[in-house]
$ cat my_file15.txt   # compact mmCIF, C-alpha atoms
# COMPACT_ATOMS: atom_id res chain seq x y z
CA MET A 1 133.28 130.13 100.53
CA ILE A 2 132.44 133.21 102.62
CA HIS A 3 135.54 132.76 104.82
CA TRP A 4 133.39 132.35 107.92
CA ASN A 5 135.31 130.47 110.57
CA TYR A 6 132.53 129.72 113.02
CA SER A 7 133.59 127.80 116.11
CA ILE A 8 130.19 127.45 117.80
CA HIS A 9 129.51 123.72 117.90
CA THR A 10 126.59 123.69 120.32
CA LEU A 11 123.90 126.10 121.40
CA SER A 12 124.90 125.61 125.06
CA ILE A 13 121.32 124.96 126.13
CA ILE A 14 119.86 122.12 128.13
CA LEU A 15 117.12 120.23 126.30
CA PRO A 16 114.43 118.31 128.20
CA ILE A 17 115.12 114.64 128.87
CA GLY A 18 113.41 112.39 126.37
CA LEU A 19 112.86 115.06 123.71
CA SER A 20 112.33 112.39 121.12
CA PHE A 21 109.73 110.20 119.48
CA HIS A 22 108.57 109.14 122.94
CA THR A 23 107.86 112.73 123.95
CA PHE A 24 106.20 113.58 120.65
CA GLN A 25 103.86 110.60 120.91
CA SER A 26 102.92 111.67 124.44
CA LEU A 27 102.35 115.25 123.29
CA SER A 28 100.12 114.13 120.44
CA TYR A 29 97.85 112.43 122.98
CA VAL A 30 97.69 115.51 125.23
CA ILE A 31 97.01 117.87 122.32
CA GLU A 32 94.36 115.65 120.72
CA VAL A 33 92.54 115.23 124.06
CA TYR A 34 92.76 118.98 124.71
CA LYS A 35 91.27 119.74 121.29
CA GLY A 36 88.49 117.24 121.85
CA HIS A 37 89.59 115.00 118.98
CA GLN A 38 90.31 112.07 121.29
CA LYS A 39 88.54 110.83 124.40
CA ALA A 40 90.81 110.75 127.45
CA GLU A 41 92.11 107.28 128.29
CA ARG A 42 91.24 106.39 131.91
CA HIS A 43 93.12 103.09 132.02
CA LEU A 44 96.71 103.74 133.11
CA GLY A 45 98.02 100.49 131.64
CA ILE A 46 96.57 101.15 128.19
CA TYR A 47 97.86 104.73 128.21
CA ALA A 48 101.31 103.52 129.32
CA LEU A 49 101.36 100.96 126.51
CA TYR A 50 100.42 103.67 124.01
CA VAL A 51 103.30 105.86 125.19
CA MET A 52 105.85 103.03 125.52
CA PHE A 53 104.76 100.74 122.66
CA PHE A 54 108.09 99.04 122.10
CA PRO A 55 108.17 98.46 118.29
CA GLN A 56 108.19 102.18 117.48
CA LEU A 57 109.50 103.64 120.74
CA VAL A 58 113.05 104.45 119.60
CA ALA A 59 112.61 106.02 116.17
CA GLY A 60 108.96 105.99 115.18
CA PRO A 61 106.64 105.99 113.40
CA ILE A 62 105.08 108.55 115.76
CA GLU A 63 101.53 107.31 116.16
CA ARG A 64 98.43 109.35 116.95
CA PRO A 65 96.08 108.16 119.72
CA GLN A 66 93.23 107.83 117.21
CA ASN A 67 95.15 105.07 115.41
CA LEU A 68 96.85 103.17 118.23
CA LEU A 69 94.73 103.41 121.39
CA HIS A 70 91.74 101.51 120.02
CA GLN A 71 94.05 98.78 118.72
CA ILE A 72 95.39 98.21 122.24
CA ARG A 73 91.87 97.53 123.48
CA GLU A 74 91.07 95.10 120.67
CA GLN A 75 91.61 91.35 120.88
CA HIS A 76 94.44 90.18 118.63
CA ILE A 77 94.51 86.68 117.21
CA ILE A 78 97.67 85.29 115.65
CA LYS A 79 97.21 84.96 111.89
CA TYR A 80 99.71 83.12 109.72
CA ASP A 81 99.57 85.55 106.75
CA ARG A 82 99.99 88.55 109.02
CA VAL A 83 102.99 86.97 110.80
CA ILE A 84 104.65 86.15 107.47
CA TYR A 85 104.08 89.68 106.19
CA GLY A 86 105.48 91.15 109.40
CA LEU A 87 108.57 88.94 109.24
CA GLU A 88 109.15 89.90 105.60
CA LEU A 89 108.97 93.58 106.53
CA MET A 90 111.38 93.04 109.40
CA LEU A 91 113.80 91.11 107.16
CA TRP A 92 113.75 93.92 104.59
CA GLY A 93 114.28 96.47 107.38
CA PHE A 94 117.26 94.53 108.78
CA PHE A 95 118.74 94.37 105.28
CA GLN A 96 118.37 98.13 104.86
CA LYS A 97 119.83 98.87 108.29
CA ILE A 98 122.60 96.28 108.69
CA VAL A 99 123.65 95.42 105.15
CA VAL A 100 123.25 98.82 103.47
CA ALA A 101 123.29 101.64 106.07
CA ASP A 102 125.87 100.20 108.46
CA ARG A 103 128.19 99.18 105.59
CA LEU A 104 128.01 102.60 103.97
CA SER A 105 128.80 104.26 107.31
CA LEU A 106 132.21 102.54 107.25
CA MET A 107 133.03 104.59 104.13
CA VAL A 108 131.18 107.79 105.03
CA ASN A 109 132.27 108.33 108.64
CA PRO A 110 136.07 108.42 108.03
CA ILE A 111 135.60 111.05 105.31
CA TYR A 112 133.11 113.17 107.26
CA ASN A 113 135.26 112.99 110.40
CA HIS A 114 138.38 114.18 108.51
CA VAL A 115 136.97 116.42 105.79
CA HIS A 116 140.20 118.33 105.16
CA ASP A 117 142.09 115.14 104.33
CA TYR A 118 139.97 114.41 101.25
CA ASN A 119 139.38 116.09 97.90
CA GLY A 120 136.15 117.26 96.32
CA LEU A 121 135.31 114.02 94.50
CA SER A 122 135.63 112.00 97.71
CA LEU A 123 133.33 114.44 99.50
CA ILE A 124 130.74 114.22 96.72
CA ILE A 125 130.81 110.42 96.80
CA ALA A 126 130.57 110.42 100.61
CA THR A 127 127.58 112.75 100.45
CA LEU A 128 125.81 110.53 97.91
CA PHE A 129 126.53 107.47 100.03
CA PHE A 130 125.33 109.29 103.15
CA SER A 131 122.00 110.11 101.49
CA ILE A 132 121.49 106.37 100.92
CA GLN A 133 122.80 105.54 104.40
CA ILE A 134 120.46 107.88 106.27
CA TYR A 135 117.45 106.76 104.25
CA CYS A 136 118.14 103.05 104.78
CA ASP A 137 118.84 103.72 108.46
CA PHE A 138 115.51 105.45 109.16
CA ALA A 139 113.39 103.51 106.67
CA GLY A 140 114.97 100.24 107.79
CA TYR A 141 114.10 100.86 111.42
CA SER A 142 110.57 101.92 110.44
CA ASN A 143 110.08 98.67 108.52
CA ILE A 144 111.35 96.67 111.50
CA ALA A 145 108.94 98.53 113.78
CA ILE A 146 105.96 98.20 111.43
CA GLY A 147 106.75 94.52 110.81
CA SER A 148 107.12 93.58 114.48
CA ALA A 149 103.90 95.41 115.32
CA LYS A 150 102.14 93.61 112.47
CA ILE A 151 103.14 90.24 113.95
CA LEU A 152 101.46 91.30 117.20
CA GLY A 153 98.35 92.36 115.30
CA PHE A 154 98.93 96.14 115.26
CA SER A 155 98.94 98.35 112.17
CA LEU A 156 101.31 101.32 112.24
CA MET A 157 101.41 104.10 109.67
CA ASN A 158 103.76 103.99 106.70
CA ASN A 159 106.71 106.27 107.36
CA PHE A 160 108.47 106.49 103.99
CA LYS A 161 107.08 106.51 100.43
CA GLN A 162 110.11 106.51 98.12
CA PRO A 163 111.15 110.08 99.03
CA TYR A 164 114.11 110.19 96.64
CA LEU A 165 111.70 109.77 93.75
CA ALA A 166 109.81 112.91 94.79
CA SER A 167 109.04 115.46 92.08
CA SER A 168 109.94 118.48 94.25
CA VAL A 169 111.27 119.40 97.68
CA THR A 170 107.68 119.88 98.84
CA ASP A 171 106.77 116.42 97.60
CA PHE A 172 109.90 115.08 99.30
CA TRP A 173 108.64 116.22 102.71
CA ARG A 174 105.32 114.48 102.04
CA LYS A 175 107.21 111.20 101.63
CA TRP A 176 110.15 111.46 104.06
CA HIS A 177 109.62 110.45 107.70
CA ILE A 178 105.90 111.07 107.27
CA SER A 179 104.91 110.64 110.91
CA LEU A 180 107.44 113.28 112.03
CA SER A 181 106.69 115.70 109.17
CA THR A 182 102.94 115.52 109.78
CA TRP A 183 103.54 116.01 113.52
CA PHE A 184 105.30 119.32 112.90
CA ARG A 185 102.65 120.25 110.35
CA ASP A 186 99.67 119.55 112.63
CA TYR A 187 101.06 120.82 115.94
CA ILE A 188 103.33 123.71 114.94
CA TYR A 189 102.72 124.89 111.37
CA ILE A 190 98.92 124.84 111.40
CA PRO A 191 98.55 126.43 114.90
CA LEU A 192 100.80 129.25 113.68
CA GLY A 193 98.25 129.90 110.95
CA GLY A 194 99.52 127.53 108.27
CA ASN A 195 98.77 128.80 104.79
CA ARG A 196 95.60 130.62 105.87
CA VAL A 197 97.55 133.85 106.40
CA GLY A 198 99.30 136.47 104.30
CA LYS A 199 102.35 135.53 102.28
CA PHE A 200 104.88 137.04 104.71
CA LYS A 201 103.39 135.20 107.68
CA LEU A 202 103.20 132.06 105.55
CA TYR A 203 106.95 132.25 104.94
CA ARG A 204 107.49 132.96 108.63
CA ASN A 205 105.43 129.91 109.61
CA ILE A 206 107.44 127.68 107.27
CA LEU A 207 110.75 128.96 108.63
CA ILE A 208 109.70 128.63 112.26
CA THR A 209 108.50 125.07 111.69
CA PHE A 210 111.75 123.98 110.06
CA LEU A 211 113.92 125.82 112.58
CA ILE A 212 112.14 123.99 115.42
CA SER A 213 112.53 120.77 113.48
CA GLY A 214 116.27 121.43 113.26
CA LEU A 215 116.47 122.15 116.99
CA TRP A 216 114.60 118.93 117.71
CA HIS A 217 117.22 116.97 115.80
CA GLY A 218 119.97 118.36 118.02
CA ALA A 219 121.18 121.41 119.97
CA ASN A 220 123.75 122.25 117.33
CA TRP A 221 124.09 125.18 114.96
CA THR A 222 124.41 122.79 112.01
CA PHE A 223 120.88 121.55 112.66
CA ILE A 224 119.59 125.11 112.90
CA ILE A 225 121.23 125.89 109.55
CA TRP A 226 119.75 122.67 108.15
CA GLY A 227 116.28 123.78 109.24
CA ALA A 228 116.76 127.26 107.79
CA LEU A 229 117.94 125.82 104.47
CA HIS A 230 114.99 123.46 104.09
CA GLY A 231 112.56 126.18 105.09
CA THR A 232 114.09 128.37 102.39
CA TYR A 233 113.85 125.53 99.85
CA ILE A 234 110.13 125.14 100.58
CA ILE A 235 109.54 128.88 100.20
CA ILE A 236 111.36 128.90 96.86
CA ALA A 237 109.38 125.86 95.76
CA ILE A 238 106.00 127.47 96.45
CA LYS A 239 107.03 130.80 94.91
CA PRO A 240 109.32 129.90 91.98
CA GLU A 241 108.54 133.13 90.14
CA TYR A 242 110.26 135.23 92.82
CA SER A 243 113.55 136.81 91.80
CA GLU A 244 116.58 136.12 93.96
CA GLY A 245 116.79 139.67 95.29
CA ARG A 246 113.11 139.88 96.12
CA LEU A 247 113.24 136.46 97.78
CA LEU A 248 116.18 137.46 100.00
CA LYS A 249 114.35 140.62 101.06
CA THR A 250 111.23 138.60 101.83
CA LEU A 251 113.20 136.08 103.90
CA ALA A 252 114.95 138.84 105.85
CA PHE A 253 111.61 140.52 106.56
CA THR A 254 109.90 137.30 107.68
CA ILE A 255 112.82 136.36 109.93
CA CYS A 256 112.55 139.78 111.60
CA LEU A 257 108.84 139.11 112.14
$ encode --input "my_file15.txt" --output "structure tokens"
Amino acid sequence: MIHWNYSIHTLSIILPIGLSFHTFQSLSYVIEVYKGHQKAERHLGIYALYVMFFPQLVAGPIERPQNLLHQIREQHIIKYDRVIYGLELMLWGFFQKIVVADRLSLMVNPIYNHVHDYNGLSLIIATLFFSIQIYCDFAGYSNIAIGSAKILGFSLMNNFKQPYLASSVTDFWRKWHISLSTWFRDYIYIPLGGNRVGKFKLYRNILITFLISGLWHGANWTFIIWGALHGTYIIIAIKPEYSEGRLLKTLAFTICL
């Protein structure tokens, strides 16, 4: 629309190995111990199991030490009802992932990989399908992780709460990938000052948090733009009375800050 032919596909930076759910779970332990919210774990095996707990290692939920460490020390007895519930969650997760998400990807990927070969209606349909695909992909894995942990006697946090039924973009981020959203909130947004600052710094904090979130998803300009867009959406949502011109000036000023 603005005739911008950008050819930068990557940021050409080297990200640390394991910058993922595994790293975030490890960081949450270090930060919570540093703040005095969690007693340091002296048993190497228990700490290693916390960091490498296999059900949620690949894609979350990202657990906090306060919720998971004490469960590792507890004795777990196999209970029939708990096993059945865990298996039902896993079955629902496999349905979301394999039957819905993976099937939709067969229609979405060809269109997204060859955008110029399709018309507007096809792109709109692909985008709608992709929104369902990405939700069922992440939510499906989370249900598999929560279900398999439940069979072993562990309770993991709920990661999705019907985000597409959210009443606003702010409400959406309270319901979408909750463990990741709350991680960025607690360890980036709040340390920056959160909402306990002036309005310009508040907008800055929101933008920084979402820009870092975009960078975490991948070293690609599209993810940076994604983070900037969602940060802007949140700012608009909390200040709907702002005019467009005033909002653009505010955003430009906060970005400079």
$ residues_around --input "my_file15.txt" --residues "region 199-216 of chain A" --least-positions-apart "4" --cutoff "7 Å" --atoms "only C-alpha atoms" --output "MDAnalysis selection string"
chainID A and resid 184 188:189 192 194:195 223:224 226:228 230:231 235 254:255
$ residues_around --input "my_file15.txt" --residues "Ser131 (chain A)" --least-positions-apart "3" --cutoff "12 Å" --atoms "all atoms listed in the file" --output "list in words"
Val100, Ala101, Leu104, Ser105, Val108, Ile124, Ile125, Ala126, Thr127, Leu128, Ile134, Tyr135, Cys136, Asp137, Phe138, Pro163 and Tyr164 of chain A
$ write_last_selection --input "my_file15.txt" --atoms "C-alpha atoms" --output "compact mmCIF listing (two decimals), in the frame of the given file"
# COMPACT_ATOMS: atom_id res chain seq x y z
CA VAL A 100 123.25 98.82 103.47
CA ALA A 101 123.29 101.64 106.07
CA LEU A 104 128.01 102.60 103.97
CA SER A 105 128.80 104.26 107.31
CA VAL A 108 131.18 107.79 105.03
CA ILE A 124 130.74 114.22 96.72
CA ILE A 125 130.81 110.42 96.80
CA ALA A 126 130.57 110.42 100.61
CA THR A 127 127.58 112.75 100.45
CA LEU A 128 125.81 110.53 97.91
CA ILE A 134 120.46 107.88 106.27
CA TYR A 135 117.45 106.76 104.25
CA CYS A 136 118.14 103.05 104.78
CA ASP A 137 118.84 103.72 108.46
CA PHE A 138 115.51 105.45 109.16
CA PRO A 163 111.15 110.08 99.03
CA TYR A 164 114.11 110.19 96.64
$ atom_distance --input "my_file15.txt" --atom1 "CA of Asn158 (chain A)" --atom2 "CA of Pro61 (chain A)"
7.6 Å
$ residues_around --input "my_file15.txt" --residues "Gln25 (chain A)" --least-positions-apart "6" --cutoff "12 Å" --atoms "all atoms listed in the file" --output "compact mmCIF listing (two decimals) with C-alpha atoms, in the coordinates of the input"
# COMPACT_ATOMS: atom_id res chain seq x y z
CA GLY A 18 113.41 112.39 126.37
CA LEU A 19 112.86 115.06 123.71
CA ILE A 31 97.01 117.87 122.32
CA GLU A 32 94.36 115.65 120.72
CA TYR A 47 97.86 104.73 128.21
CA ALA A 48 101.31 103.52 129.32
CA LEU A 49 101.36 100.96 126.51
CA TYR A 50 100.42 103.67 124.01
CA VAL A 51 103.30 105.86 125.19
CA MET A 52 105.85 103.03 125.52
CA PHE A 53 104.76 100.74 122.66
CA GLN A 56 108.19 102.18 117.48
CA LEU A 57 109.50 103.64 120.74
CA VAL A 58 113.05 104.45 119.60
CA ALA A 59 112.61 106.02 116.17
CA GLY A 60 108.96 105.99 115.18
CA PRO A 61 106.64 105.99 113.40
CA ILE A 62 105.08 108.55 115.76
CA GLU A 63 101.53 107.31 116.16
CA ARG A 64 98.43 109.35 116.95
CA PRO A 65 96.08 108.16 119.72
CA GLN A 66 93.23 107.83 117.21
CA ASN A 67 95.15 105.07 115.41
CA LEU A 68 96.85 103.17 118.23
CA LEU A 69 94.73 103.41 121.39
CA SER A 179 104.91 110.64 110.91
CA LEU A 180 107.44 113.28 112.03
CA TRP A 183 103.54 116.01 113.52
CA PHE A 184 105.30 119.32 112.90
CA TYR A 187 101.06 120.82 115.94
$ closest_residue --input "my_file15.txt" --among "A:Gln75, A:Asn143, A:Ser28, A:Ser122" --to "Met107 (chain A)" --atoms "all atoms listed in the file"
A:Ser122
$ closest_residue --input "my_file15.txt" --among "A:Ser148, A:Ser142, A:Thr222, A:Thr23" --to "Phe160 (chain A)" --atoms "only C-alpha atoms"
A:Ser142
$ residues_around --input "my_file15.txt" --residues "Tyr85 (chain A)" --least-positions-apart "3" --cutoff "10 Å" --atoms "only C-alpha atoms" --output "ChimeraX atom specification"
/A:80-82,88-91,147-148,150-151
$ write_last_selection --input "my_file15.txt" --atoms "C-alpha atoms" --output "PDB file, keeping the file's coordinate frame"
ATOM      1  CA  TYR A  80      99.710  83.120 109.720  1.00  0.00           C
ATOM      2  CA  ASP A  81      99.570  85.550 106.750  1.00  0.00           C
ATOM      3  CA  ARG A  82      99.990  88.550 109.020  1.00  0.00           C
ATOM      4  CA  GLU A  88     109.150  89.900 105.600  1.00  0.00           C
ATOM      5  CA  LEU A  89     108.970  93.580 106.530  1.00  0.00           C
ATOM      6  CA  MET A  90     111.380  93.040 109.400  1.00  0.00           C
ATOM      7  CA  LEU A  91     113.800  91.110 107.160  1.00  0.00           C
ATOM      8  CA  GLY A 147     106.750  94.520 110.810  1.00  0.00           C
ATOM      9  CA  SER A 148     107.120  93.580 114.480  1.00  0.00           C
ATOM     10  CA  LYS A 150     102.140  93.610 112.470  1.00  0.00           C
ATOM     11  CA  ILE A 151     103.140  90.240 113.950  1.00  0.00           C
TER      12      ILE A 151
END
$ closest_residue --input "my_file15.txt" --among "A:Ser20, A:Asn119, A:Thr170, A:Asn159" --to "Thr232 (chain A)" --atoms "all atoms listed in the file"
A:Thr170
$ closest_residue --input "my_file15.txt" --among "A:Trp173, A:Ser155, A:Tyr29, A:Ile111" --to "Arg185 (chain A)" --atoms "only C-alpha atoms"
A:Trp173
$ atom_distance --input "my_file15.txt" --atom1 "CA of Val83 (chain A)" --atom2 "CA of Gly140 (chain A)"
18.1 Å
$ closest_residue --input "my_file15.txt" --among "A:Glu74, A:Glu41, A:Asp102, A:Asp186" --to "Phe130 (chain A)" --atoms "only C-alpha atoms"
A:Asp102
$ closest_residue --input "my_file15.txt" --among "A:Gln71, A:Asn109, A:Gln133, A:Ser168" --to "Ile234 (chain A)" --atoms "only C-alpha atoms"
A:Ser168
$ atom_distance --input "my_file15.txt" --atom1 "CA of Ile146 (chain A)" --atom2 "CA of Pro55 (chain A)"
7.2 Å
$ build_atoms --input "my_file15.txt" --residues "region 52-83 of chain A" --atoms "N, CA and C atoms" --output "mmCIF file, in the coordinates of the input"
data_model
loop_
_atom_site.group_PDB
_atom_site.id
_atom_site.type_symbol
_atom_site.label_atom_id
_atom_site.label_comp_id
_atom_site.auth_asym_id
_atom_site.auth_seq_id
_atom_site.Cartn_x
_atom_site.Cartn_y
_atom_site.Cartn_z
ATOM 1 N N MET A 52 104.617 103.822 125.514
ATOM 2 C CA MET A 52 105.850 103.030 125.520
ATOM 3 C C MET A 52 105.757 101.816 124.597
ATOM 4 N N PHE A 53 104.918 101.878 123.569
ATOM 5 C CA PHE A 53 104.760 100.740 122.660
ATOM 6 C C PHE A 53 106.107 100.424 122.020
ATOM 7 N N PHE A 54 106.676 99.273 122.357
ATOM 8 C CA PHE A 54 108.090 99.040 122.100
ATOM 9 C C PHE A 54 108.498 99.000 120.627
ATOM 10 N N PRO A 55 107.667 98.502 119.666
ATOM 11 C CA PRO A 55 108.170 98.460 118.290
ATOM 12 C C PRO A 55 108.609 99.810 117.742
ATOM 13 N N GLN A 56 107.869 100.889 118.080
ATOM 14 C CA GLN A 56 108.190 102.180 117.480
ATOM 15 C C GLN A 56 108.659 103.201 118.508
ATOM 16 N N LEU A 57 109.122 102.733 119.660
ATOM 17 C CA LEU A 57 109.500 103.640 120.740
ATOM 18 C C LEU A 57 110.753 104.450 120.409
ATOM 19 N N VAL A 58 111.733 103.829 119.760
ATOM 20 C CA VAL A 58 113.050 104.450 119.600
ATOM 21 C C VAL A 58 113.073 105.475 118.469
ATOM 22 N N ALA A 59 112.497 105.126 117.322
ATOM 23 C CA ALA A 59 112.610 106.020 116.170
ATOM 24 C C ALA A 59 111.360 106.053 115.318
ATOM 25 N N GLY A 60 110.209 105.849 115.911
ATOM 26 C CA GLY A 60 108.960 105.990 115.180
ATOM 27 C C GLY A 60 108.543 104.721 114.456
ATOM 28 N N PRO A 61 107.458 104.803 113.691
ATOM 29 C CA PRO A 61 106.640 105.990 113.400
ATOM 30 C C PRO A 61 105.959 106.565 114.650
ATOM 31 N N ILE A 62 105.757 107.884 114.650
ATOM 32 C CA ILE A 62 105.080 108.550 115.760
ATOM 33 C C ILE A 62 103.579 108.412 115.543
ATOM 34 N N GLU A 63 102.946 107.598 116.354
ATOM 35 C CA GLU A 63 101.530 107.310 116.160
ATOM 36 C C GLU A 63 100.645 108.332 116.872
ATOM 37 N N ARG A 64 99.444 108.505 116.332
ATOM 38 C CA ARG A 64 98.430 109.350 116.950
ATOM 39 C C ARG A 64 97.521 108.456 117.804
ATOM 40 N N PRO A 65 96.947 108.988 118.858
ATOM 41 C CA PRO A 65 96.080 108.160 119.720
ATOM 42 C C PRO A 65 94.882 107.597 118.965
ATOM 43 N N GLN A 66 94.393 108.318 117.962
ATOM 44 C CA GLN A 66 93.230 107.830 117.210
ATOM 45 C C GLN A 66 93.535 106.522 116.486
ATOM 46 N N ASN A 67 94.794 106.279 116.147
ATOM 47 C CA ASN A 67 95.150 105.070 115.410
ATOM 48 C C ASN A 67 95.574 103.927 116.317
ATOM 49 N N LEU A 68 96.240 104.230 117.429
ATOM 50 C CA LEU A 68 96.850 103.170 118.230
ATOM 51 C C LEU A 68 96.047 102.774 119.459
ATOM 52 N N LEU A 69 95.405 103.726 120.125
ATOM 53 C CA LEU A 69 94.730 103.410 121.390
ATOM 54 C C LEU A 69 93.632 102.357 121.218
ATOM 55 N N HIS A 70 92.829 102.479 120.197
ATOM 56 C CA HIS A 70 91.740 101.510 120.020
ATOM 57 C C HIS A 70 92.290 100.127 119.682
ATOM 58 N N GLN A 71 93.457 100.072 119.040
ATOM 59 C CA GLN A 71 94.050 98.780 118.720
ATOM 60 C C GLN A 71 94.528 98.056 119.979
ATOM 61 N N ILE A 72 94.937 98.824 120.986
ATOM 62 C CA ILE A 72 95.390 98.210 122.240
ATOM 63 C C ILE A 72 94.230 97.536 122.949
ATOM 64 N N ARG A 73 93.054 98.100 122.820
ATOM 65 C CA ARG A 73 91.870 97.530 123.480
ATOM 66 C C ARG A 73 91.307 96.316 122.733
ATOM 67 N N GLU A 74 91.624 96.182 121.467
ATOM 68 C CA GLU A 74 91.070 95.100 120.670
ATOM 69 C C GLU A 74 91.752 93.767 120.970
ATOM 70 N N GLN A 75 91.037 92.681 120.726
ATOM 71 C CA GLN A 75 91.610 91.350 120.880
ATOM 72 C C GLN A 75 92.376 90.989 119.613
ATOM 73 N N HIS A 76 93.589 90.493 119.776
ATOM 74 C CA HIS A 76 94.440 90.180 118.630
ATOM 75 C C HIS A 76 94.676 88.674 118.570
ATOM 76 N N ILE A 77 94.335 88.102 117.437
ATOM 77 C CA ILE A 77 94.510 86.680 117.210
ATOM 78 C C ILE A 77 95.648 86.479 116.219
ATOM 79 N N ILE A 78 96.528 85.550 116.515
ATOM 80 C CA ILE A 78 97.670 85.290 115.650
ATOM 81 C C ILE A 78 97.164 84.733 114.313
ATOM 82 N N LYS A 79 97.576 85.399 113.223
ATOM 83 C CA LYS A 79 97.210 84.960 111.890
ATOM 84 C C LYS A 79 98.476 84.695 111.086
ATOM 85 N N TYR A 80 98.514 83.559 110.426
ATOM 86 C CA TYR A 80 99.710 83.120 109.720
ATOM 87 C C TYR A 80 100.148 84.143 108.669
ATOM 88 N N ASP A 81 99.221 84.601 107.829
ATOM 89 C CA ASP A 81 99.570 85.550 106.750
ATOM 90 C C ASP A 81 100.123 86.843 107.320
ATOM 91 N N ARG A 82 99.537 87.305 108.409
ATOM 92 C CA ARG A 82 99.990 88.550 109.020
ATOM 93 C C ARG A 82 101.390 88.386 109.612
ATOM 94 N N VAL A 83 101.657 87.238 110.236
ATOM 95 C CA VAL A 83 102.990 86.970 110.800
ATOM 96 C C VAL A 83 104.031 86.919 109.690
#
